[in-house]
>>> print(open('target_8.cif').read())   # mmCIF, C-alpha atoms (C1' of nucleotides)
data_run
#
loop_
_atom_site.label_atom_id
_atom_site.label_comp_id
_atom_site.auth_asym_id
_atom_site.auth_seq_id
_atom_site.Cartn_x
_atom_site.Cartn_y
_atom_site.Cartn_z
CA MET A 1 -7.41 -4.46 -11.51
CA LEU A 2 -8.33 -7.79 -9.95
CA LYS A 3 -11.48 -7.96 -7.92
CA ASN A 4 -10.73 -11.01 -5.80
CA PRO A 5 -8.01 -9.49 -3.62
CA VAL A 6 -10.40 -6.72 -2.60
CA THR A 7 -13.06 -9.32 -1.90
CA MET A 8 -10.60 -11.15 0.30
CA LEU A 9 -9.78 -7.95 2.15
CA GLN A 10 -13.45 -7.33 2.77
CA LEU A 11 -13.99 -10.87 4.02
CA VAL A 12 -11.04 -10.65 6.37
CA GLU A 13 -12.30 -7.30 7.61
CA ARG A 14 -15.79 -8.66 8.14
CA LEU A 15 -14.54 -11.77 9.90
CA GLY A 16 -12.25 -9.60 11.96
CA ASN A 17 -15.22 -7.52 13.01
CA LEU A 18 -17.18 -10.62 13.95
CA ILE A 19 -14.29 -11.99 15.96
CA ARG A 20 -13.98 -8.66 17.70
CA ALA A 21 -17.70 -8.54 18.41
CA GLU A 22 -17.59 -12.07 19.79
CA MET A 23 -14.62 -11.14 21.95
CA ARG A 24 -16.50 -8.14 23.21
CA ARG A 25 -19.46 -10.30 24.11
CA VAL A 26 -17.41 -12.94 25.91
CA ILE A 27 -14.88 -10.74 27.68
CA GLY A 28 -17.44 -8.03 28.41
CA GLN A 29 -18.99 -10.27 31.02
CA GLU A 30 -15.76 -9.88 32.97
CA GLY A 31 -15.84 -6.13 32.56
CA LEU A 32 -12.95 -6.22 30.12
CA GLN A 33 -12.39 -5.11 26.53
CA PRO A 34 -11.33 -6.98 23.39
CA VAL A 35 -7.79 -5.68 23.69
CA HIS A 36 -7.44 -7.44 27.04
CA LEU A 37 -8.41 -10.76 25.56
CA GLU A 38 -6.02 -10.21 22.67
CA ALA A 39 -3.23 -9.44 25.11
CA MET A 40 -3.94 -12.57 27.13
CA LEU A 41 -4.07 -14.73 24.03
CA PHE A 42 -0.75 -13.29 22.97
CA LEU A 43 0.90 -13.91 26.33
CA ASN A 44 -0.43 -17.44 26.25
CA GLN A 45 1.48 -18.04 23.01
CA ALA A 46 4.55 -15.83 23.23
CA ASN A 47 7.98 -17.41 23.64
CA ARG A 48 10.62 -16.19 26.07
CA PHE A 49 12.03 -13.67 23.60
CA SER A 50 8.66 -12.06 23.07
CA ASN A 51 6.84 -11.82 26.40
CA THR A 52 7.46 -8.11 26.95
CA PRO A 53 5.34 -4.95 26.82
CA GLN A 54 7.23 -3.72 23.78
CA SER A 55 6.55 -6.93 21.92
CA LEU A 56 2.89 -6.86 22.84
CA ALA A 57 2.64 -3.26 21.63
CA GLU A 58 4.04 -4.29 18.26
CA PHE A 59 1.67 -7.21 18.06
CA LEU A 60 -1.35 -5.03 18.78
CA GLY A 61 -0.15 -2.11 16.71
CA VAL A 62 -0.40 0.45 19.51
CA THR A 63 2.15 2.53 21.37
CA LYS A 64 3.99 1.29 24.41
CA GLY A 65 2.29 3.88 26.57
CA THR A 66 -1.10 2.50 25.64
CA VAL A 67 -0.02 -1.06 26.32
CA SER A 68 1.36 0.01 29.66
CA GLN A 69 -2.11 1.15 30.66
CA SER A 70 -3.77 -2.08 29.62
CA LEU A 71 -1.17 -4.12 31.47
CA LEU A 72 -1.76 -2.05 34.58
CA LEU A 73 -5.39 -3.07 34.48
CA LEU A 74 -4.67 -6.75 33.81
CA ASP A 75 -2.24 -6.69 36.70
CA ARG A 76 -4.76 -5.10 39.05
CA ARG A 77 -7.24 -7.83 38.14
CA GLY A 78 -4.66 -10.47 38.93
CA LEU A 79 -4.72 -11.90 35.41
CA ILE A 80 -1.02 -11.43 34.62
CA GLU A 81 2.28 -11.28 36.47
CA ARG A 82 5.14 -8.92 35.78
CA TYR A 83 8.74 -9.54 36.74
CA GLN A 84 12.06 -7.98 35.94
CA ASP A 85 14.44 -9.55 33.47
CA GLU A 86 17.60 -10.72 35.17
CA VAL A 87 20.18 -9.73 32.60
CA ASP A 88 18.68 -6.54 31.16
CA ARG A 89 17.00 -4.91 34.09
CA ARG A 90 15.10 -2.41 31.97
CA VAL A 91 12.86 -5.05 30.49
CA VAL A 92 9.74 -6.38 32.15
CA ARG A 93 8.68 -9.96 31.53
CA LEU A 94 5.02 -10.87 31.38
CA ARG A 95 3.11 -14.08 31.93
CA LEU A 96 -0.43 -15.14 32.60
CA SER A 97 -1.24 -15.83 36.22
CA GLN A 98 -3.02 -19.04 37.13
CA GLN A 99 -6.23 -17.04 37.27
CA GLY A 100 -5.54 -15.65 33.80
CA GLU A 101 -4.93 -19.11 32.39
CA ASP A 102 -8.12 -20.38 33.98
CA MET A 103 -10.10 -17.55 32.44
CA LEU A 104 -8.72 -18.25 28.97
CA GLU A 105 -9.39 -21.94 29.41
CA GLU A 106 -12.99 -21.39 30.27
CA MET A 107 -13.63 -19.03 27.37
CA GLN A 108 -12.46 -21.30 24.58
CA PRO A 109 -12.36 -18.49 22.04
CA ALA A 110 -11.67 -20.92 19.20
CA SER A 111 -14.73 -23.07 19.73
CA MET A 112 -17.02 -20.86 17.69
CA TRP A 113 -14.54 -20.97 14.85
CA GLN A 114 -14.24 -24.74 15.04
CA SER A 115 -17.94 -25.19 14.59
CA ALA A 116 -18.07 -22.62 11.81
CA THR A 117 -15.46 -24.47 9.79
CA ARG A 118 -16.63 -27.98 10.59
CA ASN A 119 -18.39 -28.54 7.28
CA ILE A 120 -15.80 -27.00 5.03
CA SER A 121 -13.58 -29.40 3.16
CA ALA A 122 -10.12 -29.82 4.58
CA ASN A 123 -8.69 -29.05 1.19
CA ARG A 124 -10.42 -25.73 0.91
CA ILE A 125 -9.30 -24.71 4.36
CA ARG A 126 -5.76 -25.68 3.50
CA ASN A 127 -5.91 -23.44 0.46
CA GLY A 128 -7.39 -20.65 2.51
CA VAL A 129 -4.63 -20.93 5.07
CA SER A 130 -2.08 -20.84 2.31
CA ALA A 131 -3.45 -17.70 0.68
CA LEU A 132 -3.77 -15.92 4.03
CA ARG A 133 -0.31 -16.93 5.14
CA GLU A 134 1.22 -15.76 1.92
CA THR A 135 -0.61 -12.45 2.18
CA LEU A 136 0.63 -12.00 5.72
CA TYR A 137 4.20 -12.65 4.65
CA MET A 138 3.90 -10.19 1.77
CA LEU A 139 2.57 -7.57 4.14
CA GLN A 140 5.57 -8.07 6.33
CA ASN A 141 7.92 -7.56 3.41
CA HIS A 142 5.97 -4.58 2.27
CA ASN A 143 5.64 -2.45 5.36
CA GLY A 144 7.88 -4.08 7.93
CA ALA A 145 5.06 -5.44 10.08
CA ARG A 146 6.05 -8.46 12.09
CA THR A 147 4.49 -11.83 11.35
CA PHE A 148 4.59 -13.24 14.90
CA GLY A 149 4.70 -16.78 13.56
CA VAL A 150 5.78 -19.88 15.46
CA CYS A 151 9.43 -20.92 15.58
CA ASN A 152 9.11 -24.05 13.48
CA THR A 153 8.17 -21.93 10.45
CA CYS A 154 11.08 -19.51 10.91
CA ILE A 155 14.31 -19.33 8.97
CA TYR A 156 16.34 -19.03 12.18
CA CYS A 157 15.04 -22.30 13.58
CA GLN A 158 17.44 -25.19 13.03
CA ARG A 159 16.72 -28.78 13.92
CA LYS A 160 19.68 -30.24 15.81
CA SER A 161 18.40 -33.68 16.68
CA GLN A 162 15.20 -35.58 17.25
CA ARG A 163 14.14 -33.38 20.15
CA THR A 164 16.36 -30.32 20.20
CA HIS A 165 16.25 -27.23 18.06
CA HIS A 166 18.40 -24.15 17.85
CA CYS A 167 17.63 -20.50 17.18
CA ALA A 168 20.30 -18.99 14.95
CA LEU A 169 19.22 -15.46 15.77
CA PHE A 170 19.34 -15.59 19.55
CA ALA A 171 21.91 -18.41 19.48
CA GLU A 172 20.00 -20.42 22.03
CA ARG A 173 18.64 -23.90 22.38
CA LEU A 174 14.93 -24.43 21.88
CA SER A 175 12.88 -27.24 23.34
CA GLY A 176 10.24 -28.99 21.26
CA PRO A 177 7.28 -27.17 22.85
CA GLU A 178 9.09 -23.87 22.46
CA THR A 179 9.16 -24.27 18.70
CA ARG A 180 5.38 -24.03 18.72
CA LEU A 181 5.30 -20.61 20.37
CA VAL A 182 5.18 -17.28 18.57
CA CYS A 183 8.15 -14.97 18.31
CA ARG A 184 8.51 -11.28 17.53
CA GLU A 185 11.62 -11.96 15.47
CA HIS A 186 9.91 -14.58 13.31
CA VAL A 187 10.89 -14.52 9.65
CA PRO A 188 8.96 -16.94 7.44
CA LYS A 189 10.95 -19.73 5.88
CA SER A 190 9.61 -19.12 2.39
CA ALA A 191 6.84 -17.38 0.54
CA VAL A 192 5.08 -20.73 0.10
CA MET B 23 -9.28 -32.14 16.42
CA LEU B 24 -8.14 -30.48 13.23
CA LYS B 25 -5.32 -27.99 13.45
CA ASN B 26 -5.93 -26.03 10.27
CA PRO B 27 -9.14 -24.25 11.33
CA VAL B 28 -7.33 -22.87 14.36
CA THR B 29 -4.45 -21.80 12.14
CA MET B 30 -6.92 -20.03 9.91
CA LEU B 31 -8.45 -18.27 12.90
CA GLN B 32 -5.04 -17.11 14.02
CA LEU B 33 -4.18 -15.84 10.54
CA VAL B 34 -7.43 -13.94 10.27
CA GLU B 35 -6.86 -12.49 13.71
CA ARG B 36 -3.33 -11.46 12.85
CA LEU B 37 -4.34 -9.96 9.53
CA GLY B 38 -7.21 -8.22 11.30
CA ASN B 39 -4.75 -6.73 13.73
CA LEU B 40 -2.53 -5.56 10.90
CA ILE B 41 -5.44 -4.00 9.07
CA ARG B 42 -6.47 -2.29 12.26
CA ALA B 43 -2.96 -1.05 12.91
CA GLU B 44 -2.72 0.27 9.36
CA MET B 45 -6.09 1.98 9.77
CA ARG B 46 -4.86 3.53 12.98
CA ARG B 47 -1.77 4.82 11.26
CA VAL B 48 -3.63 6.27 8.28
CA ILE B 49 -6.67 7.71 10.03
CA GLY B 50 -4.69 8.80 13.06
CA GLN B 51 -3.20 11.59 10.98
CA GLU B 52 -6.68 13.07 10.82
CA GLY B 53 -7.10 12.72 14.57
CA LEU B 54 -9.59 9.89 14.13
CA GLN B 55 -9.79 6.27 15.28
CA PRO B 56 -10.11 3.00 13.36
CA VAL B 57 -13.82 2.79 14.12
CA HIS B 58 -14.36 6.03 12.22
CA LEU B 59 -12.70 4.66 9.13
CA GLU B 60 -14.71 1.45 9.40
CA ALA B 61 -17.90 3.48 9.67
CA MET B 62 -17.01 5.55 6.61
CA LEU B 63 -16.10 2.46 4.61
CA PHE B 64 -19.44 0.95 5.57
CA LEU B 65 -21.42 4.04 4.58
CA ASN B 66 -19.58 4.09 1.30
CA GLN B 67 -20.89 0.60 0.53
CA ALA B 68 -24.26 0.41 2.26
CA ASN B 69 -27.42 0.29 0.16
CA ARG B 70 -30.53 2.35 0.88
CA PHE B 71 -31.96 -0.25 3.25
CA SER B 72 -28.84 -0.28 5.37
CA ASN B 73 -27.56 3.29 5.75
CA THR B 74 -28.81 3.81 9.30
CA PRO B 75 -27.20 4.03 12.75
CA GLN B 76 -28.83 0.76 13.78
CA SER B 77 -27.40 -1.04 10.79
CA LEU B 78 -23.95 0.40 11.38
CA ALA B 79 -24.10 -0.71 15.01
CA GLU B 80 -24.84 -4.26 13.92
CA PHE B 81 -22.05 -4.15 11.39
CA LEU B 82 -19.54 -2.99 13.97
CA GLY B 83 -20.87 -5.18 16.75
CA VAL B 84 -21.40 -2.33 19.21
CA THR B 85 -24.49 -0.81 20.81
CA LYS B 86 -26.52 1.91 19.19
CA GLY B 87 -25.55 4.32 21.94
CA THR B 88 -21.89 3.88 21.13
CA VAL B 89 -22.50 4.36 17.43
CA SER B 90 -24.48 7.48 18.15
CA GLN B 91 -21.40 8.97 19.77
CA SER B 92 -19.13 8.14 16.87
CA LEU B 93 -21.63 9.58 14.40
CA LEU B 94 -21.79 12.76 16.41
CA LEU B 95 -18.07 13.17 15.96
CA LEU B 96 -18.11 12.34 12.24
CA ASP B 97 -20.90 14.87 11.83
CA ARG B 98 -19.01 17.58 13.70
CA ARG B 99 -16.04 16.99 11.41
CA GLY B 100 -18.26 17.36 8.37
CA LEU B 101 -17.49 13.86 7.10
CA ILE B 102 -21.06 12.57 7.04
CA GLU B 103 -24.57 13.92 6.62
CA ARG B 104 -27.63 12.86 8.55
CA TYR B 105 -31.18 13.31 7.36
CA GLN B 106 -34.54 12.07 8.41
CA ASP B 107 -36.28 9.28 6.57
CA GLU B 108 -39.43 10.51 4.86
CA VAL B 109 -41.74 7.61 5.52
CA ASP B 110 -40.59 6.44 8.95
CA ARG B 111 -39.61 9.58 10.75
CA ARG B 112 -37.85 7.76 13.57
CA VAL B 113 -35.04 6.59 11.36
CA VAL B 114 -32.02 8.66 10.46
CA ARG B 115 -30.33 8.14 7.11
CA LEU B 116 -26.60 8.50 6.78
CA ARG B 117 -24.32 9.27 3.89
CA LEU B 118 -20.80 10.42 3.35
CA SER B 119 -20.40 14.11 2.66
CA GLN B 120 -18.29 15.23 -0.28
CA GLN B 121 -15.48 15.84 2.17
CA GLY B 122 -15.89 12.34 3.56
CA GLU B 123 -15.76 10.82 0.11
CA ASP B 124 -12.66 12.81 -0.72
CA MET B 125 -10.95 11.61 2.42
CA LEU B 126 -11.71 7.97 1.63
CA GLU B 127 -10.56 8.45 -1.92
CA GLU B 128 -7.23 9.82 -0.87
CA MET B 129 -6.57 7.07 1.67
CA GLN B 130 -6.98 4.13 -0.66
CA PRO B 131 -7.16 1.65 2.19
CA ALA B 132 -7.10 -1.30 -0.22
CA SER B 133 -3.87 -0.37 -1.94
CA MET B 134 -1.67 -2.02 0.66
CA TRP B 135 -3.68 -5.19 0.26
CA GLN B 136 -3.45 -5.08 -3.50
CA SER B 137 0.31 -5.00 -3.43
CA ALA B 138 0.43 -7.69 -0.76
CA THR B 139 -1.57 -10.09 -2.89
CA ARG B 140 -0.01 -9.19 -6.23
CA ASN B 141 2.26 -12.20 -6.43
CA ILE B 142 -0.19 -14.80 -5.21
CA SER B 143 -1.75 -17.01 -7.84
CA ALA B 144 -5.30 -16.10 -8.79
CA ASN B 145 -6.34 -19.65 -8.12
CA ARG B 146 -5.07 -19.64 -4.58
CA ILE B 147 -6.79 -16.36 -3.84
CA ARG B 148 -10.01 -17.73 -5.26
CA ASN B 149 -9.75 -20.70 -2.92
CA GLY B 150 -8.99 -18.42 -0.01
CA VAL B 151 -12.02 -16.29 -0.78
CA SER B 152 -14.13 -19.44 -0.95
CA ALA B 153 -13.03 -20.74 2.41
CA LEU B 154 -13.44 -17.39 4.09
CA ARG B 155 -16.85 -16.79 2.56
CA GLU B 156 -18.07 -20.18 3.61
CA THR B 157 -16.80 -19.62 7.12
CA LEU B 158 -18.56 -16.28 7.27
CA TYR B 159 -21.81 -17.87 6.17
CA MET B 160 -21.47 -20.64 8.73
CA LEU B 161 -20.89 -18.08 11.44
CA GLN B 162 -24.06 -16.34 10.43
CA ASN B 163 -26.03 -19.57 10.70
CA HIS B 164 -24.41 -20.37 13.98
CA ASN B 165 -24.85 -17.22 15.98
CA GLY B 166 -27.16 -15.03 13.97
CA ALA B 167 -24.52 -12.51 12.95
CA ARG B 168 -25.32 -10.71 9.73
CA THR B 169 -23.18 -11.30 6.65
CA PHE B 170 -23.54 -7.81 5.12
CA GLY B 171 -22.93 -9.22 1.67
CA VAL B 172 -23.76 -7.53 -1.63
CA CYS B 173 -27.20 -7.94 -3.20
CA ASN B 174 -26.10 -10.02 -6.16
CA THR B 175 -25.12 -12.86 -3.82
CA CYS B 176 -28.40 -12.77 -1.88
CA ILE B 177 -31.33 -15.17 -2.11
CA TYR B 178 -33.79 -12.26 -2.25
CA CYS B 179 -32.22 -10.74 -5.34
CA GLN B 180 -34.05 -11.67 -8.54
CA ARG B 181 -32.93 -10.75 -12.01
CA LYS B 182 -35.83 -9.32 -13.97
CA SER B 183 -34.20 -8.34 -17.22
CA GLN B 184 -30.82 -7.36 -18.62
CA ARG B 185 -30.53 -4.31 -16.42
CA THR B 186 -33.18 -4.51 -13.72
CA HIS B 187 -33.25 -6.56 -10.57
CA HIS B 188 -35.80 -7.01 -7.85
CA CYS B 189 -35.51 -7.53 -4.09
CA ALA B 190 -38.05 -10.07 -2.92
CA LEU B 191 -37.66 -9.05 0.71
CA PHE B 192 -38.26 -5.33 0.41
CA ALA B 193 -40.33 -5.81 -2.75
CA GLU B 194 -38.51 -3.06 -4.55
CA ARG B 195 -36.71 -2.57 -7.79
CA LEU B 196 -32.91 -2.56 -7.77
CA SER B 197 -30.67 -0.86 -10.27
CA GLY B 198 -27.53 -2.57 -11.51
CA PRO B 199 -25.12 -0.56 -9.34
CA GLU B 200 -27.35 -1.12 -6.33
CA THR B 201 -26.84 -4.87 -6.59
CA ARG B 202 -23.20 -4.31 -5.80
CA LEU B 203 -23.86 -2.61 -2.46
CA VAL B 204 -24.00 -4.32 0.91
CA CYS B 205 -27.24 -4.97 2.77
CA ARG B 206 -28.03 -5.74 6.38
CA GLU B 207 -30.70 -8.23 5.31
CA HIS B 208 -28.35 -10.14 3.07
CA VAL B 209 -28.82 -13.92 3.12
CA PRO B 210 -26.25 -15.87 1.12
CA LYS B 211 -27.56 -17.75 -1.87
CA SER B 212 -25.88 -21.01 -0.96
CA ALA B 213 -23.24 -22.51 1.25
CA VAL B 214 -20.89 -22.73 -1.72
"C1'" DT C 15 -57.50 4.34 21.97
"C1'" DA C 16 -53.86 2.41 24.82
"C1'" DA C 17 -49.86 -0.32 25.32
"C1'" DA C 18 -45.78 -2.07 23.35
"C1'" DT C 19 -42.10 -1.70 20.27
"C1'" DT C 20 -38.59 0.63 17.68
"C1'" DA C 21 -34.95 4.30 16.28
"C1'" DG C 22 -32.29 7.29 18.01
"C1'" DT C 23 -30.10 10.54 21.55
"C1'" DA C 24 -28.12 12.09 26.19
"C1'" DT C 25 -25.43 11.25 30.15
"C1'" DC C 26 -22.27 8.80 33.24
"C1'" DG C 27 -18.20 6.23 34.48
"C1'" DA C 28 -14.43 3.22 33.16
"C1'" DA C 29 -11.18 2.22 29.72
"C1'" DT C 30 -8.44 2.94 25.24
"C1'" DC C 31 -5.31 5.64 22.89
"C1'" DG C 32 -1.61 9.05 21.33
"C1'" DA C 33 1.38 12.55 22.82
"C1'" DT C 34 4.46 14.12 25.88
"C1'" DA C 35 7.46 14.01 29.56
"C1'" DC C 36 9.80 11.38 32.67
"C1'" DT C 37 13.05 7.53 35.08
"C1'" DA C 38 16.29 4.01 34.91
"C1'" DA C 39 19.29 0.80 32.59
"C1'" DT C 40 22.14 -0.17 28.81
"C1'" DA C 41 24.95 0.77 24.69
"C1'" DA C 42 27.82 3.72 21.95
"C1'" DA C 43 31.04 7.24 21.40
"C1'" DA C 44 34.45 10.48 22.57
"C1'" DT D 22 36.46 6.30 31.47
"C1'" DT D 23 33.27 9.53 31.07
"C1'" DT D 24 29.84 11.39 28.35
"C1'" DT D 25 26.13 10.91 25.22
"C1'" DA D 26 22.58 8.44 22.97
"C1'" DT D 27 19.41 4.80 22.94
"C1'" DT D 28 16.11 1.69 24.84
"C1'" DA D 29 12.27 -0.23 28.03
"C1'" DG D 30 8.97 1.09 30.57
"C1'" DT D 31 5.83 4.26 33.40
"C1'" DA D 32 2.94 8.54 34.49
"C1'" DT D 33 -0.18 12.03 33.15
"C1'" DC D 34 -3.36 14.61 30.13
"C1'" DG D 35 -7.18 15.20 26.99
"C1'" DA D 36 -10.16 13.29 23.46
"C1'" DT D 37 -12.70 9.33 22.34
"C1'" DT D 38 -14.84 4.56 22.68
"C1'" DC D 39 -17.92 1.80 24.95
"C1'" DG D 40 -21.85 -0.25 27.81
"C1'" DA D 41 -25.54 0.81 30.77
"C1'" DT D 42 -29.27 3.38 31.73
"C1'" DA D 43 -32.71 6.57 31.02
"C1'" DC D 44 -35.06 9.29 27.96
"C1'" DT D 45 -37.94 11.21 23.60
"C1'" DA D 46 -40.52 10.59 19.64
"C1'" DA D 47 -42.57 7.83 16.00
"C1'" DT D 48 -44.68 3.67 14.74
"C1'" DT D 49 -46.98 -0.71 15.39
"C1'" DT D 50 -49.81 -3.83 17.83
"C1'" DA D 51 -53.49 -5.08 20.83
#
>>> encode(input="target_8.cif", output="structure tokens")
Amino acid sequence: MLKNPVTMLQLVERLGNLIRAEMRRVIGQEGLQPVHLEAMLFLNQANRFSNTPQSLAEFLGVTKGTVSQSLLLLDRRGLIERYQDEVDRRVVRLRLSQQGEDMLEEMQPASMWQSATRNISANRIRNGVSALRETLYMLQNHNGARTFGVCNTCIYCQRKSQRTHHCALFAERLSGPETRLVCREHVPKSAV
Amino acid sequence: MLKNPVTMLQLVERLGNLIRAEMRRVIGQEGLQPVHLEAMLFLNQANRFSNTPQSLAEFLGVTKGTVSQSLLLLDRRGLIERYQDEVDRRVVRLRLSQQGEDMLEEMQPASMWQSATRNISANRIRNGVSALRETLYMLQNHNGARTFGVCNTCIYCQRKSQRTHHCALFAERLSGPETRLVCREHVPKSAV
DNA sequence: TAAATTAGTATCGAATCGATACTAATAAAA
DNA sequence: TTTTATTAGTATCGATTCGATACTAATTTA
């Protein structure tokens, strides 16, 4: 029985708790909860195949009913916009409103993290990223959880030319910026 | 602006969400919430200086009033025991009941993680642990958050002999097993 | 001895969350 | 084609989290 994997779990848990506490502190001033910030961060990064309530529910690991409630609140506060999909009229599309984007902008949730990792060697961080990424991919294989990675690390993403990409799953063209957004159908290119 | 620290943040966030979702799935069958499992895991690891409501509140990043509510529920379910401290009669000491220990035992929350990290090289995991630990310590320096590390990585822990240790902060003797428990006063030995 | 601090609890209102039931749109099957 | 099943999302209920506030009791400080 190796000890290090458990240590890593505990560190991720602890860091997760700290992130959550920091979120609570920052977003609490707006009268919101951590889950609202997580939802907004997700919508800020989700591509056009993934900006739906169902997708958000999977990302957060809660039921669609629960997500529906949270979205109701975000909508009431004017932080998101909801609109009907044009081809499948059951699905609702979500996006941040201007006000929502402004709020995210002013919070800079990553700034604390930047300063915390400033003095760590780039090499060590690279190794850390690698171990975490690999763990995440294994978890996906193991229990079917989605990775929600960005397109340019996905097996379905094919480079067509200098500036155009193609998604083999949805059979649609992807712009350069789109390949840096997260997708619910993301499947990691390799285990490395 | 380095990209990797942000990537690491996103991975930790994502893994945190997955852990939380898994907790929700496992503990939900008992009609409990993730915070209850986190509390029980903490009490299972906390040393005798740290097994109080106040300490748990700091660990979770919530107010003492909130923790008081959760403890009420855990007590009603017979999962924890509360007793008064003998010297300072304001403080309440907490411990898992036999039933609580049994429940934790049967859940094995780390098993999923074990299997997810099975195929990753020991070296890479060691590097990951390093980067995460260093980040955690930096965060503590930066915003005063507690690390909740184990005694044997703490500057106050002094080895007296083969089997006995001494805490320079509380000025008390520590047994071997005690040095492997987490403490709210933990201060990491070094930044490496 | 009095005032301040500390640990914890109680109560209130707003929000999460799962479960269940529901509507509406789409897909599959007969 | 018509029926049935599935899917996306919403509505409602009850239990719980959570912060804010106010409170008690024990300890520490002045």
>>> residues_near_point(input="target_8.cif", point="(-15.6, -1.2, 9.4)", cutoff="8 Å", atoms="all atoms listed in the file", output="MDAnalysis selection string")
(chainID A and resid 13:14 17) or (chainID B and resid 56:64 81:82)
>>> atom_distance(input="target_8.cif", atom1="CA of Leu136 in chain A", atom2="CA of Met30 in chain B")
11.8 Å
>>> residues_around(input="target_8.cif", residues="range 169-182 of chain A", least_positions_apart="3", cutoff="8 Å", atoms="all atoms listed in the file", output="number ranges by chain")
A: 45-47, 50, 148-152, 156, 163-166, 186
>>> atom_distance(input="target_8.cif", atom1="CA of Met160 in chain B", atom2="CA of Leu33 in chain B")
18.0 Å
>>> closest_atom_pairs(input="target_8.cif", of="chain B", to="chain A", cutoff="7 Å", atoms="only C-alpha atoms", output="tab-separated table")
residue	atom	partner	partner_atom	distance
B:Asn26	CA	A:Arg126	CA	6.8
B:Pro27	CA	A:Gln114	CA	6.3
B:Val28	CA	A:Ala110	CA	6.8
B:Met30	CA	A:Val129	CA	5.4
B:Leu31	CA	A:Trp113	CA	6.9
B:Leu33	CA	A:Leu132	CA	6.5
B:Val34	CA	A:Val12	CA	6.3
B:Glu35	CA	A:Gly16	CA	6.4
B:Leu37	CA	A:Leu136	CA	6.6
B:Gly38	CA	A:Gly16	CA	5.3
B:Asn39	CA	A:Leu60	CA	6.3
B:Ala43	CA	A:Gly61	CA	4.8
B:Leu82	CA	A:Asn17	CA	6.3
B:Gly83	CA	A:Ala21	CA	4.9
B:Ala132	CA	A:Val6	CA	6.8
B:Trp135	CA	A:Leu9	CA	7.0
B:Gln136	CA	A:Pro5	CA	6.3
B:Ala138	CA	A:Met138	CA	5.0
B:Thr139	CA	A:Thr135	CA	5.7
B:Arg146	CA	A:Ala131	CA	5.8
B:Ile147	CA	A:Ala131	CA	5.8
B:Arg148	CA	A:Asn4	CA	6.8
B:Asn149	CA	A:Asn127	CA	5.8
B:Gly150	CA	A:Gly128	CA	3.7
B:Val151	CA	A:Met8	CA	5.4
B:Ala153	CA	A:Gly128	CA	5.6
B:Leu154	CA	A:Leu11	CA	6.5
B:Arg155	CA	A:Leu11	CA	6.7
B:Thr157	CA	A:Thr117	CA	5.7
B:Leu158	CA	A:Leu15	CA	6.6
B:Met160	CA	A:Ala116	CA	5.0
B:Leu161	CA	A:Ala116	CA	5.4
>>> write_last_selection(input="target_8.cif", atoms="C-alpha atoms", output="PDB file, in the frame of the given file")
ATOM      1  CA  ASN B  26      -5.930 -26.030  10.270  1.00  0.00           C
ATOM      2  CA  PRO B  27      -9.140 -24.250  11.330  1.00  0.00           C
ATOM      3  CA  VAL B  28      -7.330 -22.870  14.360  1.00  0.00           C
ATOM      4  CA  MET B  30      -6.920 -20.030   9.910  1.00  0.00           C
ATOM      5  CA  LEU B  31      -8.450 -18.270  12.900  1.00  0.00           C
ATOM      6  CA  LEU B  33      -4.180 -15.840  10.540  1.00  0.00           C
ATOM      7  CA  VAL B  34      -7.430 -13.940  10.270  1.00  0.00           C
ATOM      8  CA  GLU B  35      -6.860 -12.490  13.710  1.00  0.00           C
ATOM      9  CA  LEU B  37      -4.340  -9.960   9.530  1.00  0.00           C
ATOM     10  CA  GLY B  38      -7.210  -8.220  11.300  1.00  0.00           C
ATOM     11  CA  ASN B  39      -4.750  -6.730  13.730  1.00  0.00           C
ATOM     12  CA  ALA B  43      -2.960  -1.050  12.910  1.00  0.00           C
ATOM     13  CA  LEU B  82     -19.540  -2.990  13.970  1.00  0.00           C
ATOM     14  CA  GLY B  83     -20.870  -5.180  16.750  1.00  0.00           C
ATOM     15  CA  ALA B 132      -7.100  -1.300  -0.220  1.00  0.00           C
ATOM     16  CA  TRP B 135      -3.680  -5.190   0.260  1.00  0.00           C
ATOM     17  CA  GLN B 136      -3.450  -5.080  -3.500  1.00  0.00           C
ATOM     18  CA  ALA B 138       0.430  -7.690  -0.760  1.00  0.00           C
ATOM     19  CA  THR B 139      -1.570 -10.090  -2.890  1.00  0.00           C
ATOM     20  CA  ARG B 146      -5.070 -19.640  -4.580  1.00  0.00           C
ATOM     21  CA  ILE B 147      -6.790 -16.360  -3.840  1.00  0.00           C
ATOM     22  CA  ARG B 148     -10.010 -17.730  -5.260  1.00  0.00           C
ATOM     23  CA  ASN B 149      -9.750 -20.700  -2.920  1.00  0.00           C
ATOM     24  CA  GLY B 150      -8.990 -18.420  -0.010  1.00  0.00           C
ATOM     25  CA  VAL B 151     -12.020 -16.290  -0.780  1.00  0.00           C
ATOM     26  CA  ALA B 153     -13.030 -20.740   2.410  1.00  0.00           C
ATOM     27  CA  LEU B 154     -13.440 -17.390   4.090  1.00  0.00           C
ATOM     28  CA  ARG B 155     -16.850 -16.790   2.560  1.00  0.00           C
ATOM     29  CA  THR B 157     -16.800 -19.620   7.120  1.00  0.00           C
ATOM     30  CA  LEU B 158     -18.560 -16.280   7.270  1.00  0.00           C
ATOM     31  CA  MET B 160     -21.470 -20.640   8.730  1.00  0.00           C
ATOM     32  CA  LEU B 161     -20.890 -18.080  11.440  1.00  0.00           C
TER      33      LEU B 161
END
>>> interface_residues(input="target_8.cif", of="chain A", to="chain C", cutoff="8 Å", atoms="only C-alpha atoms (C1' of nucleotides)", output="ChimeraX atom specification")
/A:62-63,66,88-90
